[in-house]
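Some notes on the structure that comes next.
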Amino acid sequence: MKPENLQPKDTIPKFSKRRVVLWGKDSDSIIKGFFGCTATVAIVVLFLITLFLIKEGAGFVGQYQKSLKLYRLSGLEYVEILKERRADHTALTQYLNGIKGEWIKSLKDEGLTQKDISKTVMSKEAKAVFIGYLRTSSDLRRFIKEKMDTAIEIRDQEITNINLKESLDNYAEKISLVGNYSFKLSPEDRAEFILKLKEDSQKHTFDKEKLSSNRQLIESLQDGIPLNTQSREIYLSLLKNEYLSTEKLIQPIDFATSILKVTNEKERYFSILEKTQSDMEAVLDKADLIEFNNSDLDKRRERFKELNTIFFNKLSEHKLIIENWDPNKLVPFWESLGSFLTGKEWITASDQQDWYGLIPLLSGSLIISCLALFIAIPLGVGAAIYTNQISTSLEKNLIKPYIEFISAVPSVVIGFFGVVVLGEAIRLMSQLGFLSWVPFFPIQERLNTFTAGSLLALMAIPTIYTLAEDAINNVPNHLKEASLAMGATPLQTTFKVIVPSALSGIISAIMLGFGRVIGETMVVLLCAGNRIKIPELSDGLGVFFQPVHTMTGIIAQEMGEVVNGSLHYRALFMVGIVLFIASLIINLGAQWVVKKYNKMES
Amino acid sequence: MNVNFQTDSKKSDTPSTPKAVIQARDLDFSYGDSQALFNINMDIHKKEVTAFIGPSGCGKSTFLRCFNRMNDLIEIAKIKSGTIKISDVDIYDKNVDVIELRKHVGMVFQKSNPFPKSIYENIAYGMRIQGIKNKKELDETVETCLKGAALWDEVKDRLNQSALGLSGGQQQRLCIARALAVKPKIILMDEPCSALDPVATAKVEELIHKLKKQYTIVVVTHNMQQAARVSDRTAFFYLGRLVEYGPTEQIFMNPENPKTEAYVSGRFG
Amino acid sequence: MGRKEIQQNGKLEPFNLMQKNSHKEPTHLFSKRFSKKKVLEESVTYLLRTLTYLVIVLAGYLFLDIAYKGSKAIFKTEAPFINTQFLTEKPQTLHVFEPLEIDKKLSKIRSEVLSLNIKTKSLSSANTEQAKEYSTTIKAHNNEIKRLDILRKKDRLTFSDTEYRALEFTPSLDEFKYNTYAYSGGGIGPAIIGTTLLVFGSILIALTMGVLCAIYLSEYSKPGRSLQAIRLSILNLSGVPSIVFGLFGFGLFVLYLDWGVSLIAGWFTLALMALPVIITASEESMRAIPKGFREGSLALGASKWTCIRTNVLPYALPGILTSSIMGIARVAGETAPIMFTAAYALRDRLPWEGLENTTDFFFQGVMALPYHIYVVSSKIPQNEYTQNMQYGTALVFLLIVGSFALSSIILRAKVRKKYDW
């Protein structure tokens, strides 16, 4: 470029608007609009997730309410109350069997042979107690079974009715469609029509005329000939026949009378209860005749008697509940939501009643997450402090990327490692002789809370480490200098100045680690054991070696098998909503901690 | 120029004088490949205020940070040759405990840097790290130190409030008080007033004057008037070399080196 | 140093003397002294170091275990050293014929060992001689087991499904014990292809939408409450569990839009999952560019778009790309979102085979490595015949995801150094 070209030309500057390109807009605002549109699309789609989850989940409340209502109306709830006594009796029987088992063991320790032992245990007195006790409940069991079958029958009939009504509606719709002259056979309709004609032919095997006309019609239909007036009439009549026969199948249930089939015979039930009680008391009297010659067993026998007394005392209350049970009590909608949030059972595809209770899943998720954090916090925060404050720069340059790399390891690979290596290793370790003093060793299941928790810890460590290291790194250097200049040791500086200053960041790192752990799916699905049961805290530390199921795991496991729009499908969406809300709370909490602390500082 | 010269300034001491508490000999210092200090020899005297002046990047702060080995924190920083002795101990000897050294040599930084704790805890920090837990002893020392830093009257009613709520000048005096709590013998100040307004500066200067009776103080400053006001001796650094060192009066009124004269008269820097 | 120091000196005199003798160096004001505090300090340092290295060792064990056992599946001892069969073939059922005689012998000895073990346990502690005798017998049995095992491995026959069908006559069941193991034969070719398709498709969608969205948010939108809210919600969405995205994708794409279990449903589900990460990262790297760059360009009369095109995007691009590689690693590593949107446990057709319409390509399910790992680790037993498939798949997957992650980590470090303003 020649120098003179650089001289500004002596023309009047033009500040007019930029050239219009399209629709009265200049190019810049079109570009802006384009970006705006894509941004809107992206953001709208992200919000759609929330909306869709809520839409699919919201139907759960109503559907579950209906299910619970039917549960009450059909008398299943009543049977469930009856079953409580049976369950208590079973528990008592199990306790008695436990005594028996221990008795055999103590006899073995005394050095008796197998023969002698069975002789003692199967002696007349012992038999009268152990087997006699079991027999005391047979009447009760029979009665309850009877009632349960009745209630299930009523419930099933009602469900069949609902389904039939739905298909009736479908037929009605179809009939009105076909009745319209503009109706044209779609390929599916054609196939259906042919099928119906064939069925019709089978019904009238002796009516030769009909058979031949049907055959003709089928052939013409198979050739793709459209509907004419005559065939339309035939189609309509077939559909109407279908409608009527379906209608006949519906046997409306009058719950007010049907429930009586379940709730009648209360007197008989009470007399059965009384008989059971007197039988049990008779057996208990005989129990004293057995000579255990063992103070422990004697003690357990006493305890057994006490438990029986409790059982007897409960009976009057039980009778009262049964008398007062009302099948027409309303099921408000919050009860269905409440029974989801506080329900202690998650039972699907059962022949009695499906229960969708969050508690076993939530408690499983929480216990695994807590264990994982318990392991991950010291390791993650400790490693962050070490690399940032103590290690040499070479160590730091190696350790940091290494731990960051761990975070990229796919969760399914970690879960796989748990299945093939860690689970087995833990079980083998628990069987070692010198560890037998640990109360819950050896463990039964190789896939349990501990397996999943320790692997999740490995996944949480990189998250906690990276964020905590960042927080420590962000502490102004002059604070460190000030502390060191006063003669504090590097470690004192770290723990008294730097860690407290970075505390908000560390806490938020831990919270985000928690978020990662509770939302993790594959590891828990593969390694947690997937037993839907609330962890038994009474086991002490053994609680960490029980198999559990989790919220994420249940979605992954059951989603593939559910029917679209069914109660089960919606229940899984409800679990998804709970997870979604939990992750939002955790994230917002982490941000709030940082923000609040920053405010305090400035 | 309103210069208030110290009247008790003495003649330049010979290097072997027993009054020298810090002795630097033939000190060469470098950051990686670039040398920051060249062959520095200097004696700093007991219970006097010594000021380091010079243009930015002349190495005066680096030299100051050699006295309590704060340069150890920078990995590439290294003393190439020469020694620094404090109370006749070579502080770069491998048998020296840096922690003990730093307890002996306190430091106040350019930017006031109180910990994000309460005022009380800031002062008590130095004692806590030494394992002193006695509440009474802590209370006493906090009071003494705050009084020593002329801050007691201003903060005595809010000792438990955050130190970050204090004004800039108060924060800097708090840092000085915090340094006193460890009971050092020498206090290094790295441009203590550069971020303060004139009123706060005057208060800090007053404080330095008061502290001189008990402590040996080394001040790095950009501000020549300040050096003239507070110091007994002044050292002028230029491009990593010690150009001139002597009683403040002499440096400001009758400098030997033309560069010093040019600097103190404001012709460059 | 004060009076405390002096006191301490007085108290610790004997120790000081000792130190003097041992080191032969005079003590002075700053000399190193022994104290409990220092011991504590040292031990805390060691504790922290142990914790750090514990993490490294544990993760390292995981890597090495998978690398060692997996390399048996994907490498060979003879040229070309890579087991191309495993990497390209379709998964098949493995047919195993074990020599019946040896198997019988083995199970007999094993049961003997078991009963001996029980006998040893039931022995009272006083009976040491008997116990010794048992343990020598057990040892002998174990040696025998080892010997027989080598024989068994030599004589057994394994066939993949195609090989089995091609057999002219199957080995006689009088001589051999016959077992089949699903998925354990053949290779993982379709799974590798499926994962590649899923990752590239989804990242293309996510990157386009994410970068455009980020340009709007960082350059065009006006700061205010609504922008703040949008940023916050995007940030929060990146923390939503992947299974929730999977649930959403299943409900919306698979069922509601009726795309079925298909590639395209998987693409969109994964893209949505990566979107928040990419938007946040891209916006961050764009906002990290100094204002001066933009102002300088605008002051020279450039239009807003020119300014973005010439002075913002080129400098932000390295940052955007490195973080999107991290996004790729995340997307490639996820299983939960594709479990019911795109993945089939077994599909013996490659995605381009047997298509009637071109659109069918998008509406077909594929095999994917992560889901394949899930299937082979949970649905089939663990033994010597299935191990190759299990570990081999895990290693291949780990290598793919790991290479993305590693390149992201390295690139990020480089970019940070280069564009540090």
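Chain lettering (A, B, ...) mirrors the order of the structure tokens, residue numbering begins at 1 for each chain separately, and ligand numbering begins at 1 in order of display.
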Worksheet item: Using only C-alpha atoms, which residues sit within 12 Å of B:Ala181 once same-chain residues fewer than 3 positions away are excluded, as number ranges by chain?
Response: A: 486-487; B: 103-107, 120-130, 132, 137-149, 174-178, 184-185, 187; C: 1-2
Test item: residues at most 10 Å from C:Val199, only C-alpha atoms, excluding those fewer than 5 positions along its chain, as a PDB file with all heavy atoms, in the first residue's frame:
ATOM      1  N   ILE C 193     -18.614 -49.935  16.560  1.00  0.00           N
ATOM      2  CA  ILE C 193     -19.218 -49.082  15.535  1.00  0.00           C
ATOM      3  C   ILE C 193     -20.397 -48.307  16.117  1.00  0.00           C
ATOM      4  O   ILE C 193     -20.538 -47.098  15.900  1.00  0.00           O
ATOM      5  CB  ILE C 193     -19.676 -49.945  14.343  1.00  0.00           C
ATOM      6  CG1 ILE C 193     -18.448 -50.451  13.603  1.00  0.00           C
ATOM      7  CG2 ILE C 193     -20.561 -49.149  13.399  1.00  0.00           C
ATOM      8  CD1 ILE C 193     -18.718 -51.587  12.664  1.00  0.00           C
ATOM      9  N   GLY C 194     -21.221 -48.994  16.895  1.00  0.00           N
ATOM     10  CA  GLY C 194     -22.384 -48.341  17.485  1.00  0.00           C
ATOM     11  C   GLY C 194     -21.988 -47.194  18.395  1.00  0.00           C
ATOM     12  O   GLY C 194     -22.552 -46.100  18.320  1.00  0.00           O
ATOM     13  N   LEU C 204     -22.041 -33.873  17.565  1.00  0.00           N
ATOM     14  CA  LEU C 204     -22.302 -32.925  16.481  1.00  0.00           C
ATOM     15  C   LEU C 204     -23.505 -32.049  16.844  1.00  0.00           C
ATOM     16  O   LEU C 204     -23.466 -30.827  16.718  1.00  0.00           O
ATOM     17  CB  LEU C 204     -22.583 -33.708  15.197  1.00  0.00           C
ATOM     18  CG  LEU C 204     -22.299 -32.954  13.905  1.00  0.00           C
ATOM     19  CD1 LEU C 204     -20.815 -32.713  13.755  1.00  0.00           C
ATOM     20  CD2 LEU C 204     -22.838 -33.735  12.723  1.00  0.00           C
ATOM     21  N   GLY C 266     -31.060 -41.971  20.802  1.00  0.00           N
ATOM     22  CA  GLY C 266     -29.831 -41.951  21.590  1.00  0.00           C
ATOM     23  C   GLY C 266     -29.047 -40.680  21.363  1.00  0.00           C
ATOM     24  O   GLY C 266     -28.534 -40.079  22.306  1.00  0.00           O
ATOM     25  N   TRP C 267     -28.969 -40.249  20.093  1.00  0.00           N
ATOM     26  CA  TRP C 267     -28.240 -39.013  19.797  1.00  0.00           C
ATOM     27  C   TRP C 267     -28.793 -37.845  20.592  1.00  0.00           C
ATOM     28  O   TRP C 267     -28.055 -37.108  21.230  1.00  0.00           O
ATOM     29  CB  TRP C 267     -28.360 -38.679  18.303  1.00  0.00           C
ATOM     30  CG  TRP C 267     -27.439 -39.450  17.433  1.00  0.00           C
ATOM     31  CD1 TRP C 267     -26.372 -40.199  17.838  1.00  0.00           C
ATOM     32  CD2 TRP C 267     -27.491 -39.564  16.013  1.00  0.00           C
ATOM     33  NE1 TRP C 267     -25.769 -40.771  16.760  1.00  0.00           N
ATOM     34  CE2 TRP C 267     -26.439 -40.397  15.614  1.00  0.00           C
ATOM     35  CE3 TRP C 267     -28.329 -39.053  15.029  1.00  0.00           C
ATOM     36  CZ2 TRP C 267     -26.192 -40.716  14.284  1.00  0.00           C
ATOM     37  CZ3 TRP C 267     -28.086 -39.366  13.715  1.00  0.00           C
ATOM     38  CH2 TRP C 267     -27.028 -40.196  13.327  1.00  0.00           C
ATOM     39  N   LEU C 270     -28.233 -38.148  24.436  1.00  0.00           N
ATOM     40  CA  LEU C 270     -26.853 -37.860  24.821  1.00  0.00           C
ATOM     41  C   LEU C 270     -26.507 -36.394  24.576  1.00  0.00           C
ATOM     42  O   LEU C 270     -25.809 -35.767  25.379  1.00  0.00           O
ATOM     43  CB  LEU C 270     -25.893 -38.760  24.038  1.00  0.00           C
ATOM     44  CG  LEU C 270     -25.867 -40.224  24.456  1.00  0.00           C
ATOM     45  CD1 LEU C 270     -24.953 -41.008  23.546  1.00  0.00           C
ATOM     46  CD2 LEU C 270     -25.390 -40.362  25.890  1.00  0.00           C
ATOM     47  N   ALA C 271     -27.009 -35.845  23.466  1.00  0.00           N
ATOM     48  CA  ALA C 271     -26.702 -34.450  23.159  1.00  0.00           C
ATOM     49  C   ALA C 271     -27.258 -33.536  24.238  1.00  0.00           C
ATOM     50  O   ALA C 271     -26.582 -32.607  24.688  1.00  0.00           O
ATOM     51  CB  ALA C 271     -27.287 -34.073  21.808  1.00  0.00           C
ATOM     52  N   GLY C 327     -16.496 -33.224  27.045  1.00  0.00           N
ATOM     53  CA  GLY C 327     -17.900 -33.574  26.836  1.00  0.00           C
ATOM     54  C   GLY C 327     -18.042 -34.900  26.099  1.00  0.00           C
ATOM     55  O   GLY C 327     -18.875 -35.726  26.446  1.00  0.00           O
ATOM     56  N   ILE C 328     -17.164 -35.109  25.098  1.00  0.00           N
ATOM     57  CA  ILE C 328     -17.197 -36.374  24.356  1.00  0.00           C
ATOM     58  C   ILE C 328     -16.908 -37.534  25.307  1.00  0.00           C
ATOM     59  O   ILE C 328     -17.597 -38.552  25.293  1.00  0.00           O
ATOM     60  CB  ILE C 328     -16.154 -36.365  23.221  1.00  0.00           C
ATOM     61  CG1 ILE C 328     -16.507 -35.323  22.171  1.00  0.00           C
ATOM     62  CG2 ILE C 328     -16.083 -37.737  22.561  1.00  0.00           C
ATOM     63  CD1 ILE C 328     -15.512 -35.219  21.057  1.00  0.00           C
ATOM     64  N   ALA C 329     -15.890 -37.337  26.135  1.00  0.00           N
ATOM     65  CA  ALA C 329     -15.529 -38.406  27.073  1.00  0.00           C
ATOM     66  C   ALA C 329     -16.717 -38.732  27.962  1.00  0.00           C
ATOM     67  O   ALA C 329     -17.015 -39.894  28.233  1.00  0.00           O
ATOM     68  CB  ALA C 329     -14.333 -37.991  27.904  1.00  0.00           C
ATOM     69  N   ARG C 330     -17.419 -37.683  28.402  1.00  0.00           N
ATOM     70  CA  ARG C 330     -18.555 -37.912  29.283  1.00  0.00           C
ATOM     71  C   ARG C 330     -19.668 -38.652  28.551  1.00  0.00           C
ATOM     72  O   ARG C 330     -20.236 -39.621  29.055  1.00  0.00           O
ATOM     73  CB  ARG C 330     -19.070 -36.556  29.797  1.00  0.00           C
ATOM     74  CG  ARG C 330     -19.989 -36.745  30.963  1.00  0.00           C
ATOM     75  CD  ARG C 330     -20.548 -35.473  31.509  1.00  0.00           C
ATOM     76  NE  ARG C 330     -21.748 -35.849  32.261  1.00  0.00           N
ATOM     77  CZ  ARG C 330     -22.599 -34.998  32.777  1.00  0.00           C
ATOM     78  NH1 ARG C 330     -22.400 -33.726  32.663  1.00  0.00           N
ATOM     79  NH2 ARG C 330     -23.642 -35.419  33.427  1.00  0.00           N
ATOM     80  N   VAL C 331     -19.949 -38.198  27.334  1.00  0.00           N
ATOM     81  CA  VAL C 331     -21.018 -38.814  26.553  1.00  0.00           C
ATOM     82  C   VAL C 331     -20.671 -40.267  26.224  1.00  0.00           C
ATOM     83  O   VAL C 331     -21.508 -41.161  26.334  1.00  0.00           O
ATOM     84  CB  VAL C 331     -21.241 -37.993  25.272  1.00  0.00           C
ATOM     85  CG1 VAL C 331     -21.947 -38.815  24.231  1.00  0.00           C
ATOM     86  CG2 VAL C 331     -22.043 -36.748  25.588  1.00  0.00           C
ATOM     87  N   ALA C 332     -19.418 -40.480  25.826  1.00  0.00           N
ATOM     88  CA  ALA C 332     -19.033 -41.832  25.431  1.00  0.00           C
ATOM     89  C   ALA C 332     -19.060 -42.780  26.619  1.00  0.00           C
ATOM     90  O   ALA C 332     -19.314 -43.970  26.472  1.00  0.00           O
ATOM     91  CB  ALA C 332     -17.639 -41.808  24.824  1.00  0.00           C
ATOM     92  N   GLY C 333     -18.815 -42.237  27.804  1.00  0.00           N
ATOM     93  CA  GLY C 333     -18.720 -43.098  28.960  1.00  0.00           C
ATOM     94  C   GLY C 333     -20.047 -43.455  29.594  1.00  0.00           C
ATOM     95  O   GLY C 333     -20.111 -44.323  30.448  1.00  0.00           O
TER      96      GLY C 333
END
Worksheet item: Counting only C-alpha atoms, what is within 12 Å of A:Glu281, bar same-chain residues fewer than 6 positions away, as a PyMOL selection string?
Response: chain A and resi 129+132-133+136+274-275+287-288+304-306+308-309+311-312
Worksheet item: Just how far from atom CA of C:Thr386 is atom CA of A:Leu458, in Å to one decimal?
Response: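 Atom-to-atom, atom CA of A:Leu458 to atom CA of C:Thr386, that is 26.1 Å.
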Item to complete: Name all residues at most 12 Å from A:Gly540 (count only C-alpha atoms; drop same-chain ones fewer than 5 positions away) and give them as number ranges by chain.
Response: A: 438-440, 535, 545-546
Practice prompt. Please determine the contact residues of chain B with respect to chain C at a cut-off of 6 Å, counting only C-alpha atoms, and supply them as a ChimeraX atom specification.
Written response: /B:95-97,100-101,104
Write the residues of the selection above to a file with N, CA and C atoms, as an mmCIF file, in the first residue's frame.
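So the final result, stored in part32.cif, reads:
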data_model
loop_
_atom_site.group_PDB
_atom_site.id
_atom_site.type_symbol
_atom_site.label_atom_id
_atom_site.label_comp_id
_atom_site.auth_asym_id
_atom_site.auth_seq_id
_atom_site.Cartn_x
_atom_site.Cartn_y
_atom_site.Cartn_z
ATOM 1 N N ASN B 95 21.717 -26.184 58.809
ATOM 2 C CA ASN B 95 21.286 -26.529 60.167
ATOM 3 C C ASN B 95 20.332 -25.485 60.757
ATOM 4 N N VAL B 96 19.881 -24.550 59.911
ATOM 5 C CA VAL B 96 19.019 -23.502 60.451
ATOM 6 C C VAL B 96 17.553 -23.906 60.306
ATOM 7 N N ASP B 97 16.839 -23.735 61.394
ATOM 8 C CA ASP B 97 15.399 -24.002 61.365
ATOM 9 C C ASP B 97 14.692 -22.726 60.908
ATOM 10 N N GLU B 100 12.202 -21.129 63.328
ATOM 11 C CA GLU B 100 12.779 -20.356 64.427
ATOM 12 C C GLU B 100 13.232 -18.990 63.915
ATOM 13 N N LEU B 101 13.824 -19.019 62.721
ATOM 14 C CA LEU B 101 14.304 -17.770 62.138
ATOM 15 C C LEU B 101 13.152 -16.790 61.948
ATOM 16 N N HIS B 104 11.982 -15.083 64.885
ATOM 17 C CA HIS B 104 12.923 -14.064 65.326
ATOM 18 C C HIS B 104 12.818 -12.821 64.451
#
Worksheet item: Within 10 Å of chain B, which residues of chain A show up when using only C-alpha atoms, listed as an NGL selection string?
Response: :A and (392-393 or 476-490 or 492-493 or 496-498 or 500-501 or 600-602)
Residues just named, written with C-alpha atoms as a CSV table (one decimal), in the first residue's frame:
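again29.csv written:
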chain,number,residue,atom,x,y,z
A,392,THR,CA,6.9,-31.1,45.1
A,393,SER,CA,5.9,-29.6,41.8
A,476,PRO,CA,-4.7,-15.5,48.2
A,477,ASN,CA,-1.0,-16.2,48.5
A,478,HIS,CA,-0.4,-13.2,50.8
A,479,LEU,CA,-2.3,-15.0,53.6
A,480,LYS,CA,0.1,-17.9,53.3
A,481,GLU,CA,3.1,-15.5,53.3
A,482,ALA,CA,1.8,-13.7,56.4
A,483,SER,CA,1.5,-16.9,58.3
A,484,LEU,CA,4.8,-18.2,57.3
A,485,ALA,CA,6.5,-14.9,58.1
A,486,MET,CA,5.3,-15.2,61.7
A,487,GLY,CA,7.1,-18.5,62.1
A,488,ALA,CA,4.2,-20.8,61.5
A,489,THR,CA,5.2,-24.2,60.1
A,490,PRO,CA,3.9,-25.0,56.6
A,492,GLN,CA,0.2,-25.0,60.7
A,493,THR,CA,-0.3,-22.5,57.9
A,496,LYS,CA,-5.1,-22.8,60.4
A,497,VAL,CA,-5.1,-20.3,57.6
A,498,ILE,CA,-5.5,-21.9,54.2
A,500,PRO,CA,-10.3,-22.4,56.9
A,501,SER,CA,-10.2,-19.8,54.1
A,600,MET,CA,-19.0,-12.6,54.4
A,601,GLU,CA,-15.4,-12.1,53.3
A,602,SER,CA,-15.9,-8.9,51.3
Practice prompt. Give me the residues within 6 Å of B:Gly54 as a PyMOL selection string, counting only C-alpha atoms and dropping any in the same chain fewer than 3 places off.
Written response: chain B and resi 236-238
How would the residues just picked look written out with N, CA, C and O atoms as a PDB file, in the first residue's frame?
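File written: out-v4.pdb
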ATOM      1  N   PHE B 236      20.505   2.965  49.249  1.00  0.00           N
ATOM      2  CA  PHE B 236      19.927   3.216  47.940  1.00  0.00           C
ATOM      3  C   PHE B 236      20.341   2.096  46.996  1.00  0.00           C
ATOM      4  O   PHE B 236      21.523   1.799  46.831  1.00  0.00           O
ATOM      5  N   PHE B 237      19.335   1.442  46.415  1.00  0.00           N
ATOM      6  CA  PHE B 237      19.584   0.338  45.486  1.00  0.00           C
ATOM      7  C   PHE B 237      19.280   0.804  44.088  1.00  0.00           C
ATOM      8  O   PHE B 237      18.343   1.562  43.854  1.00  0.00           O
ATOM      9  N   TYR B 238      20.076   0.270  43.141  1.00  0.00           N
ATOM     10  CA  TYR B 238      19.786   0.568  41.755  1.00  0.00           C
ATOM     11  C   TYR B 238      20.196  -0.623  40.898  1.00  0.00           C
ATOM     12  O   TYR B 238      21.344  -1.070  40.956  1.00  0.00           O
TER      13      TYR B 238
END
Practice prompt. Enter the distance from atom CA of A:Met511 to atom CA of A:Thr449, in Å, rounded to one decimal.
Written response: 20.4 Å
Closest atom pairs, residues of chain C within 6 Å of chain A, only C-alpha atoms, as a tab-separated table:
residue	atom	partner	partner_atom	distance
C:Leu48	CA	A:Gly382	CA	5.5
C:Leu51	CA	A:Leu379	CA	5.5
C:Thr52	CA	A:Ala383	CA	4.5
C:Leu212	CA	A:Phe35	CA	5.8
C:Cys213	CA	A:Ala39	CA	4.1
C:Tyr216	CA	A:Phe35	CA	5.3
C:Val240	CA	A:Ser583	CA	5.7
C:Pro241	CA	A:Gly519	CA	4.5
C:Val244	CA	A:Gly576	CA	5.7
C:Gly333	CA	A:Pro410	CA	4.5
C:Ser377	CA	A:Phe416	CA	6.0
Practice prompt. Do a neighbour search on A:Ile253 at 8 Å with only C-alpha atoms, toss out local chain neighbours closer than 4 positions, and write the hits as a list of chain:residue names.
Written response: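 In the requested form, the answer reads A:Ile154, A:Gln157, A:Glu158, A:Ser258.
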Discussion item. Applying 7 Å and only C-alpha atoms, which residues near stretch 236-243 of chain A remain after dropping the ones on its own chain fewer than 5 positions away? List them as a PyMOL selection string.
Written reply: chain A and resi 168+171+175+178
Practice prompt. Could you please write out, as number ranges by chain, every residue of stretch 77-112 of chain C that DSSP assigns to alpha helix (DSSP H)?
Written response: C: 84-88, 100-112
Practice prompt. Kindly indicate which residue among C:Val39, C:Ala302, C:Ala343, C:Val375 lies nearest to C:Ala265, using only C-alpha atoms for the distances.
Written response: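 The shortest atom-to-atom distance to C:Ala265 comes from C:Ala343.
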Worksheet item: When you draw a straight line from atom CA of A:Ile375 to atom CA of A:Ile510, how long is it in Å?
Response: 11.7 Å
Fill in: Given only C-alpha atoms as the counted atoms, nearest of C:Ile243, C:Leu100, C:Ile145, C:Leu395 to C:Asp174
C:Leu100
